Structures are given as C-alpha cells and as structure tokens.
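Asks: Below is one structure. I have some questions about it.
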Number of protein chains: 2
Amino acid sequence: MRASDRAYATLLDEIQGGALSPGAVLGEVEQAARLGVSRTPLREALGRLAADGLVAQQSPRVTVVTAIDADDIREIFEVRRALEESAARLAAERGDAAAFAELARGFAEADLAGPDGRDAYYALIGRFDRQLDQAVSNDYLTAALRTVRTHLVRVRRLARDNPDRLAASVAEHRLIASAIAARDADLAAHATHVHLHNALSNILDSLHATTKGSS
Amino acid sequence: MRASDRAYATLLDEIQGGALSPGAVLGEVEQAARLGVSRTPLREALGRLAADGLVAQQSPRVTVVTAIDADDIREIFEVRRALEESAARLAAERGDAAAFAELARGFAEADLAGPDGRDAYYALIGRFDRQLDQAVSNDYLTAALRTVRTHLVRVRRLARDNPDRLAASVAEHRLIASAIAARDADLAAHATHVHLHNALSNILDSLHATTKGSS
DNA sequence: TGGTGGTCTTATGTATACAATGAGCCGGTT
DNA sequence: AACCGGCTCATTGTATACATAAGACCACCA
C-alpha cells in the first residue's frame, strides 16, 4: 500500500471518528512526522481530503478540518435525497429483484436488541448501499453518493441515534427494498423520501437536544 | 498562481477541448516537461483530474485520459437530472424571483442567429447556472453539479449542436427560469426534466448519426 | 522455434533540499 | 504609549534526487 493511501486512510478515520475535531489545524510537517511519511504523500492525502470537503484551506497558509453545523446537514440531505431517490427509482427499474427481496428479508429479521445492535444495523445498511450501487450501475452516481456518505459518517457522530430510531430506520429500509424488489419505482422513491425525512428530523432533534443539554 | 493550478487548468482545457484525446497516455515526466513544471505539481494536477474522473490509472503504471461513450452520457444525464431537478425545485422555493424573471427575459430576447450564436448561447447558460447555484445556496449540491458540468463540456464536444436545437434549448431554459421566478417548483422541475430529456435525445441522435456517417 | 528466465530500462512513489511568501514580533520613532 | 516599518522565522510550494517495482526485451535452453 502506498504511503499516501495510508496517510489518507488514517486522516479520514481520524476526522470521521472525531479524533481530529473540526477546526483542527493540519500542518504538513507536523502531520507527516506523526504519520511517519514525508510531506509529499501527505500533501496528496490532504488534497484528496480537500476534494472530499473534509478539510479546507482556511487561509493560503493553514489547512483545517472543516466544521459541520445543522445547515450543512440540511444541505447534505438535500443532495442525498436527490441522489438516493433517483437511485431507488433506477434500482427498481433495473435492479436484481431477488437480491432486494433477500435484503428485505434481512431487514425484517434484523435483531438490533443486543449491545452491538448498532453494529448490526450499520452492517445491514452497508449491504443495502452496496446492492443499490450495483443495481443502479452508474459510476457517476455512485461517485456522487460516495461523497455524500463520507460526510454522513461525520453527521452520524454528531447525532446520538437511539434504539427506537434504529428500529424504525430498519423498517423504512425494508419497505424501500421491498418496493425495489417489486419494481415499484414510485414507492421506492417515496419511501426513500420518507426515510430521509425521518432520518434528518431525528438528527436535527438530537442535535438540538444535545446543544440545549450541554450548554 | 501556483504551478499545480496552471498544470491543472492547462490539462483540463486540453482534455475538454479534445487536444488530449481519450486514451492518451499522460506520463509524468513527459507532461511535466511539456508544461514547464516539475513532477510534484504535475502529480497534484493529475490527482485532481483523477478525482474529477477525467483521467484514470489504467494500470498502476500508466495514467490515461478517460473515454466517454453513449452509456457514460446516459449515466451522466441520470445524475444531472437528479441534481438539476432538485436544484430547480429549491431555486423556486428560495431563489431571487426577480433575478430569474430577468434571466427569462434574457432567454426570450436571445439572438442566436449570428455566427457567434453558440458563444451567446453558452454565455446565457453560464449566467443561468451561476444564478441557479446562488439561489440553491448549497455548497454540496454545487460541488456535485460542478463535477457533472465538467463532464458535460466533453459531452458537448462529441455532439454537434445544430442551431435549431440551440433555439429550442433557449426556449426550454426560458420556461425553467419563468417557473422559478413564479415559485412554481413542480413546473420548474418538470421543465428541467423535459429539457434534459430533449438535450440527451439530441446528443444521442447526433452521436449515432456521427458514428454511422463516419464509419 | 517457442518458451522461460533474467536483467535492464524506465516509470512511478517517496524523501529531501531549496525557494518564496506571509505572518508574527521586536525595535524605533513620533 | 501607540503605531509603523523591517526583520526573522516558520510554513507552504516547487524542484530534484533516490528507491522501488513493473514491464519489455533478449538470450538461452528445451
């Protein structure tokens, strides 16, 4: 694996995981030394992170981790809705119906009760996203969704997802998968709309509660 | 201006303009020498172009200009439809109605008859796109649209746009702008759908004719 | 004569050295 | 004492030198 890939992967994990907080200054020499690579591959990693929108050059001299506030989350969800509704429609038209029927069964039988219910949930979502990408079979759409998902990882960290919401989300995904399997494009798109509406509401509520609670 | 920016801008122009054909191999030393920069900024430029999807590492050893075929164009237009329909809706909800009324007038009065009718057309479209971005006021959506538009420049080169289509396109944009000015989100979105359907049909027809005619 | 192995070339990936620019600080002057 | 100017230093941007690996070509063997 290339050193620049390692630097990118490490910084990505740290930003998404919160180890590098928004506003943190990323000096080239400092980070290169910390990650054990030279400045050249580190600069490449920073460039990729900048293209993703995870870091930005605040001034021509200082690169910082970008912040995400409630308005950013709304904007991300506007893009997400545009892309995922289309993806759901396209998957309903050309996807592998059997695969989505199988996914729907998986959502129906999902058990999120245990302590690692969240892990099970994200594993299911990951399978669903991969199947969706494969069904849509559109590299440009997948690339656009990849960027959105990259930001969503950070958004999820900001919002504490409660078990009730996780269960509801699974049910919503089950409906989407079923609609795709039934080749009902309208239902797939509208169920996606509903799911994203609920997800956004939950996140913003959680954010509001956190803000009020911690201040 | 930084050397890496110049290298990126030059290569972007050459790829979009056709000076660098799809499949062209971009050796680092060769291109660095040609553009008068060293390999370091040139690699940064190639990285940005790769993020845009304009070049790709065919093998771990050779970077080439990516190709665009009819399927790519269809995929790009699927993403474009998703993003631009949403953008039209959002602009209708929150855009500057007066600015879009003014744009609609501009489309109504556009004169594409002259020899530089195409330039006038693209100038109008550019104004419209900028106004749309401003109205939507969503950096994530704008970034996604930027990628799509980058590819569209190449798509337009493949299709020879005839004057009739240009005039029809202006009329379609006039309707979209009017709908946004009237805050009619449904009409704005549907007019966008119609416009993109016509634009794609025209491009694919042109491509088919060219393919048959030149073979 | 065809295949295989090895070497050699040439490309990329990485590290480091050099250049240039901007920011911060200190001292002088008003 | 405050403000302006210059200087220094740190940081980025660029160039180049070095390491490494992949691919091609040639020679040798079957």
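Chain lettering (A, B, ...) mirrors the order of the structure tokens, residue numbering begins at 1 for each chain separately, and ligand numbering begins at 1 in order of display.
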Report as a Markdown table: every residue of chain B with an atom at most 7 Å from chain A, its closest pair of atoms, and their distance in Å to one decimal, counting only C-alpha atoms, with rows sorted by chain and ascending residue number.
Replies:
```
| residue | atom | partner | partner_atom | distance |
| --- | --- | --- | --- | --- |
| B:Glu44 | CA | A:Glu44 | CA | 6.9 |
| B:Glu75 | CA | A:Asn138 | CA | 5.7 |
| B:Ile76 | CA | A:Tyr140 | CA | 6.2 |
| B:Val79 | CA | A:Leu141 | CA | 5.6 |
| B:Ala82 | CA | A:Ala82 | CA | 5.3 |
| B:Leu83 | CA | A:Ala82 | CA | 5.9 |
| B:Ser86 | CA | A:Ala82 | CA | 6.1 |
| B:Asn138 | CA | A:Glu75 | CA | 5.6 |
| B:Tyr140 | CA | A:Ile76 | CA | 6.2 |
| B:Leu141 | CA | A:Val79 | CA | 5.6 |
| B:Ala144 | CA | A:Ala144 | CA | 6.4 |
```
Asks: Within 8 Å of segment 18-27 of chain D, counting only C-alpha atoms (C1' of nucleotides), which residues show up once you throw out same-chain ones fewer than 4 positions away? Write them as a VMD selection string, please.
Replies: (chain B and resid 61) or (chain C and resid 13 to 15)
Asks: Tell me as a compact mmCIF listing (two decimals) with N, CA and C atoms, in the first residue's frame which residues belonging to chain A come within 12 Å of chain D, counting only C-alpha atoms (C1' of nucleotides).
Replies:
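File written: iface.txt
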```txt
# COMPACT_ATOMS: atom_id res chain seq x y z
N ARG A 2 0.43 2.23 -0.75
CA ARG A 2 1.24 3.43 -0.85
C ARG A 2 1.15 4.26 0.44
N LEU A 26 -4.01 21.37 10.44
CA LEU A 26 -3.21 20.26 9.94
C LEU A 26 -1.95 20.79 9.26
N GLY A 27 -0.91 20.98 10.03
CA GLY A 27 0.37 21.40 9.47
C GLY A 27 1.01 20.24 8.74
N GLU A 28 1.64 20.54 7.62
CA GLU A 28 2.17 19.45 6.81
C GLU A 28 3.30 18.71 7.50
N VAL A 29 4.25 19.47 8.00
CA VAL A 29 5.40 18.82 8.64
C VAL A 29 4.96 18.05 9.88
N GLU A 30 4.09 18.66 10.64
CA GLU A 30 3.61 18.03 11.88
C GLU A 30 2.91 16.71 11.57
N ARG A 39 6.45 14.68 3.46
CA ARG A 39 5.44 15.68 3.11
C ARG A 39 4.77 15.37 1.78
N THR A 40 5.49 14.79 0.84
CA THR A 40 4.91 14.58 -0.48
C THR A 40 3.64 13.72 -0.44
N ARG A 43 0.81 15.52 1.43
CA ARG A 43 0.13 16.56 0.66
C ARG A 43 -0.91 15.93 -0.27
N GLN A 57 -8.58 24.84 3.02
CA GLN A 57 -7.53 25.82 3.28
C GLN A 57 -8.17 27.09 3.79
N SER A 59 -6.78 29.72 5.22
CA SER A 59 -6.01 30.79 4.60
C SER A 59 -5.00 30.10 3.71
N PRO A 60 -4.34 30.83 2.82
CA PRO A 60 -3.36 30.14 1.96
C PRO A 60 -2.25 29.47 2.75
N ARG A 61 -2.30 29.65 4.04
CA ARG A 61 -1.19 29.14 4.84
C ARG A 61 -1.58 28.03 5.81
N VAL A 62 -2.86 27.88 6.06
CA VAL A 62 -3.27 26.95 7.09
C VAL A 62 -4.47 26.10 6.62
N THR A 63 -4.30 24.78 6.76
CA THR A 63 -5.36 23.83 6.41
C THR A 63 -6.03 23.35 7.69
```
Asks: List every residue of segment 48-110 of chain B that DSSP, applied to the backbone of this structure, assigns to alpha helix (DSSP H), and report them as a PyMOL selection string.
Replies: chain B and resi 48-52+70-94+97-109
